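Enquirer: I have a structure I would like to understand better, so I am pasting it below and will then ask my questions one at a time.
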Amino acid sequence: MYVLLMQMTDEGIKNIKAAPQRLQEGIKAFEGMGGKVHVMVATMGEYDYVGVGEAPSDEVATAFAAALGSRGFVRTTSMRAYTPEEFGAIIGRLP
């Protein structure tokens, strides 16, 4: 699972009216790469959008974030996220 934090660039703000369409295009692109979006929201504050989803690998998640950023409308911050069960299994490996 991954959390993607996005901030609009000046170009993104300048073209804000097309933002809802770009969000839908981004969701479709992520799904086309094998991802699954759980949450995609526009937010107030430091980040303009927050997405939570699953990707088949770190490489796919990285490629998607790079592709999204290369369009010039948002800057991204990506975070690998763990469910409580996954986190418990990780902690369970501690010596």
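FYI, nothing fancy with the structure tokens labels: chains A, B, ... in order, residues from 1 per chain, ligands from 1 as they appear.
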For Val41 in chain A, work out the shell of residues within 8 Å, counting only C-alpha atoms and skipping chain neighbours fewer than 6 positions away, then give it as a list in words.

Expert: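 These residues fall inside the cut-off: Tyr49, Val50 and Gly51 of chain A.
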
Enquirer: Limited to C-alpha atoms, could you put the picked residues into a file as a short mmCIF file (atom, residue, chain, number, x, y, z; two decimals), in the first residue's frame?

Expert:
data_model
loop_
_atom_site.label_atom_id
_atom_site.label_comp_id
_atom_site.auth_asym_id
_atom_site.auth_seq_id
_atom_site.Cartn_x
_atom_site.Cartn_y
_atom_site.Cartn_z
CA TYR A 49 -4.57 15.92 -2.95
CA VAL A 50 -4.03 12.71 -1.02
CA GLY A 51 -4.25 9.27 -2.59
#

Enquirer: What's around Arg80 in chain A at 8 Å? Count only C-alpha atoms, leave out sequence neighbours fewer than 6 positions away in its own chain, and write the answer as a PDB file with C-alpha atoms, in the first residue's frame.

Expert:
ATOM      1  CA  MET A   1       0.000   0.000   0.000  1.00  0.00           C
ATOM      2  CA  TYR A   2       1.155   3.522  -0.738  1.00  0.00           C
ATOM      3  CA  VAL A   3       0.214   7.055   0.274  1.00  0.00           C
TER       4      VAL A   3
END

Enquirer: As a VMD selection string, please: all residues of chain A that backbone DSSP puts in alpha helix (DSSP H).

Expert: chain A and resid 10 to 14 19 to 32 58 to 70 84 to 92

Enquirer: Can you write out the residues you just picked, keeping N, CA and C atoms, as a short mmCIF file (atom, residue, chain, number, x, y, z; two decimals), in the first residue's frame?

Expert:
data_model
loop_
_atom_site.label_atom_id
_atom_site.label_comp_id
_atom_site.auth_asym_id
_atom_site.auth_seq_id
_atom_site.Cartn_x
_atom_site.Cartn_y
_atom_site.Cartn_z
N ASP A 10 2.53 25.72 -10.02
CA ASP A 10 1.93 26.93 -10.59
C ASP A 10 1.11 26.57 -11.82
N GLU A 11 1.60 25.62 -12.62
CA GLU A 11 0.88 25.19 -13.82
C GLU A 11 -0.44 24.51 -13.43
N GLY A 12 -0.41 23.72 -12.37
CA GLY A 12 -1.63 23.07 -11.89
C GLY A 12 -2.68 24.07 -11.44
N ILE A 13 -2.24 25.09 -10.73
CA ILE A 13 -3.16 26.15 -10.27
C ILE A 13 -3.71 26.91 -11.47
N LYS A 14 -2.84 27.22 -12.42
CA LYS A 14 -3.26 27.98 -13.59
C LYS A 14 -4.34 27.23 -14.37
N ALA A 19 -8.62 20.22 -13.30
CA ALA A 19 -8.12 19.32 -12.25
C ALA A 19 -9.01 18.10 -12.02
N PRO A 20 -10.34 18.23 -11.96
CA PRO A 20 -11.16 17.02 -11.77
C PRO A 20 -10.95 15.98 -12.87
N GLN A 21 -10.81 16.42 -14.10
CA GLN A 21 -10.57 15.50 -15.21
C GLN A 21 -9.19 14.87 -15.06
N ARG A 22 -8.18 15.66 -14.67
CA ARG A 22 -6.83 15.12 -14.48
C ARG A 22 -6.82 14.07 -13.37
N LEU A 23 -7.60 14.30 -12.31
CA LEU A 23 -7.68 13.31 -11.22
C LEU A 23 -8.21 11.97 -11.76
N GLN A 24 -9.26 12.02 -12.54
CA GLN A 24 -9.83 10.79 -13.10
C GLN A 24 -8.84 10.11 -14.05
N GLU A 25 -8.14 10.91 -14.84
CA GLU A 25 -7.13 10.34 -15.74
C GLU A 25 -6.01 9.68 -14.95
N GLY A 26 -5.61 10.30 -13.84
CA GLY A 26 -4.56 9.72 -12.99
C GLY A 26 -4.99 8.40 -12.38
N ILE A 27 -6.23 8.33 -11.92
CA ILE A 27 -6.75 7.09 -11.35
C ILE A 27 -6.74 5.99 -12.41
N LYS A 28 -7.22 6.30 -13.61
CA LYS A 28 -7.23 5.31 -14.69
C LYS A 28 -5.82 4.87 -15.06
N ALA A 29 -4.87 5.81 -15.07
CA ALA A 29 -3.49 5.46 -15.41
C ALA A 29 -2.90 4.53 -14.35
N PHE A 30 -3.15 4.81 -13.09
CA PHE A 30 -2.65 3.97 -12.00
C PHE A 30 -3.25 2.57 -12.10
N GLU A 31 -4.55 2.51 -12.33
CA GLU A 31 -5.20 1.21 -12.49
C GLU A 31 -4.66 0.46 -13.71
N GLY A 32 -4.33 1.19 -14.77
CA GLY A 32 -3.76 0.59 -15.96
C GLY A 32 -2.38 -0.01 -15.71
N ASP A 58 7.03 -1.77 -5.61
CA ASP A 58 7.60 -0.45 -5.38
C ASP A 58 7.95 0.21 -6.72
N GLU A 59 8.39 -0.59 -7.68
CA GLU A 59 8.78 -0.06 -8.98
C GLU A 59 7.57 0.56 -9.70
N VAL A 60 6.42 -0.10 -9.64
CA VAL A 60 5.22 0.45 -10.27
C VAL A 60 4.80 1.73 -9.57
N ALA A 61 4.82 1.74 -8.25
CA ALA A 61 4.45 2.95 -7.51
C ALA A 61 5.38 4.10 -7.85
N THR A 62 6.67 3.81 -7.95
CA THR A 62 7.66 4.84 -8.27
C THR A 62 7.45 5.36 -9.69
N ALA A 63 7.23 4.45 -10.63
CA ALA A 63 7.01 4.85 -12.02
C ALA A 63 5.77 5.72 -12.14
N PHE A 64 4.70 5.36 -11.42
CA PHE A 64 3.48 6.16 -11.49
C PHE A 64 3.72 7.56 -10.93
N ALA A 65 4.37 7.66 -9.77
CA ALA A 65 4.63 8.98 -9.17
C ALA A 65 5.50 9.82 -10.10
N ALA A 66 6.50 9.19 -10.73
CA ALA A 66 7.37 9.93 -11.66
C ALA A 66 6.57 10.40 -12.88
N ALA A 67 5.72 9.54 -13.41
CA ALA A 67 4.91 9.92 -14.57
C ALA A 67 3.96 11.06 -14.22
N LEU A 68 3.37 10.97 -13.04
CA LEU A 68 2.44 12.02 -12.60
C LEU A 68 3.17 13.35 -12.47
N GLY A 69 4.31 13.33 -11.81
CA GLY A 69 5.09 14.56 -11.64
C GLY A 69 5.59 15.13 -12.95
N SER A 70 5.90 14.26 -13.91
CA SER A 70 6.45 14.73 -15.19
C SER A 70 5.43 15.51 -16.01
N PRO A 84 -2.17 -2.71 9.65
CA PRO A 84 -1.80 -3.18 10.99
C PRO A 84 -1.27 -4.62 10.97
N GLU A 85 -1.84 -5.45 10.11
CA GLU A 85 -1.39 -6.85 10.04
C GLU A 85 0.03 -6.93 9.48
N GLU A 86 0.29 -6.18 8.41
CA GLU A 86 1.63 -6.17 7.83
C GLU A 86 2.65 -5.63 8.82
N PHE A 87 2.28 -4.56 9.51
CA PHE A 87 3.18 -3.96 10.50
C PHE A 87 3.46 -4.95 11.63
N GLY A 88 2.41 -5.64 12.08
CA GLY A 88 2.59 -6.65 13.14
C GLY A 88 3.54 -7.75 12.70
N ALA A 89 3.43 -8.20 11.44
CA ALA A 89 4.32 -9.25 10.94
C ALA A 89 5.77 -8.74 10.88
N ILE A 90 5.95 -7.48 10.50
CA ILE A 90 7.29 -6.90 10.46
C ILE A 90 7.88 -6.86 11.86
N ILE A 91 7.12 -6.36 12.79
CA ILE A 91 7.59 -6.25 14.18
C ILE A 91 7.84 -7.64 14.76
N GLY A 92 7.03 -8.61 14.35
CA GLY A 92 7.20 -9.98 14.82
C GLY A 92 8.52 -10.61 14.41
#

Enquirer: Could you tell me how far CA of Glu54 in chain A lies from CA of Ala18 in chain A, in Å and to one decimal?

Expert: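 Between CA of Glu54 in chain A and CA of Ala18 in chain A the gap works out to 25.4 Å.
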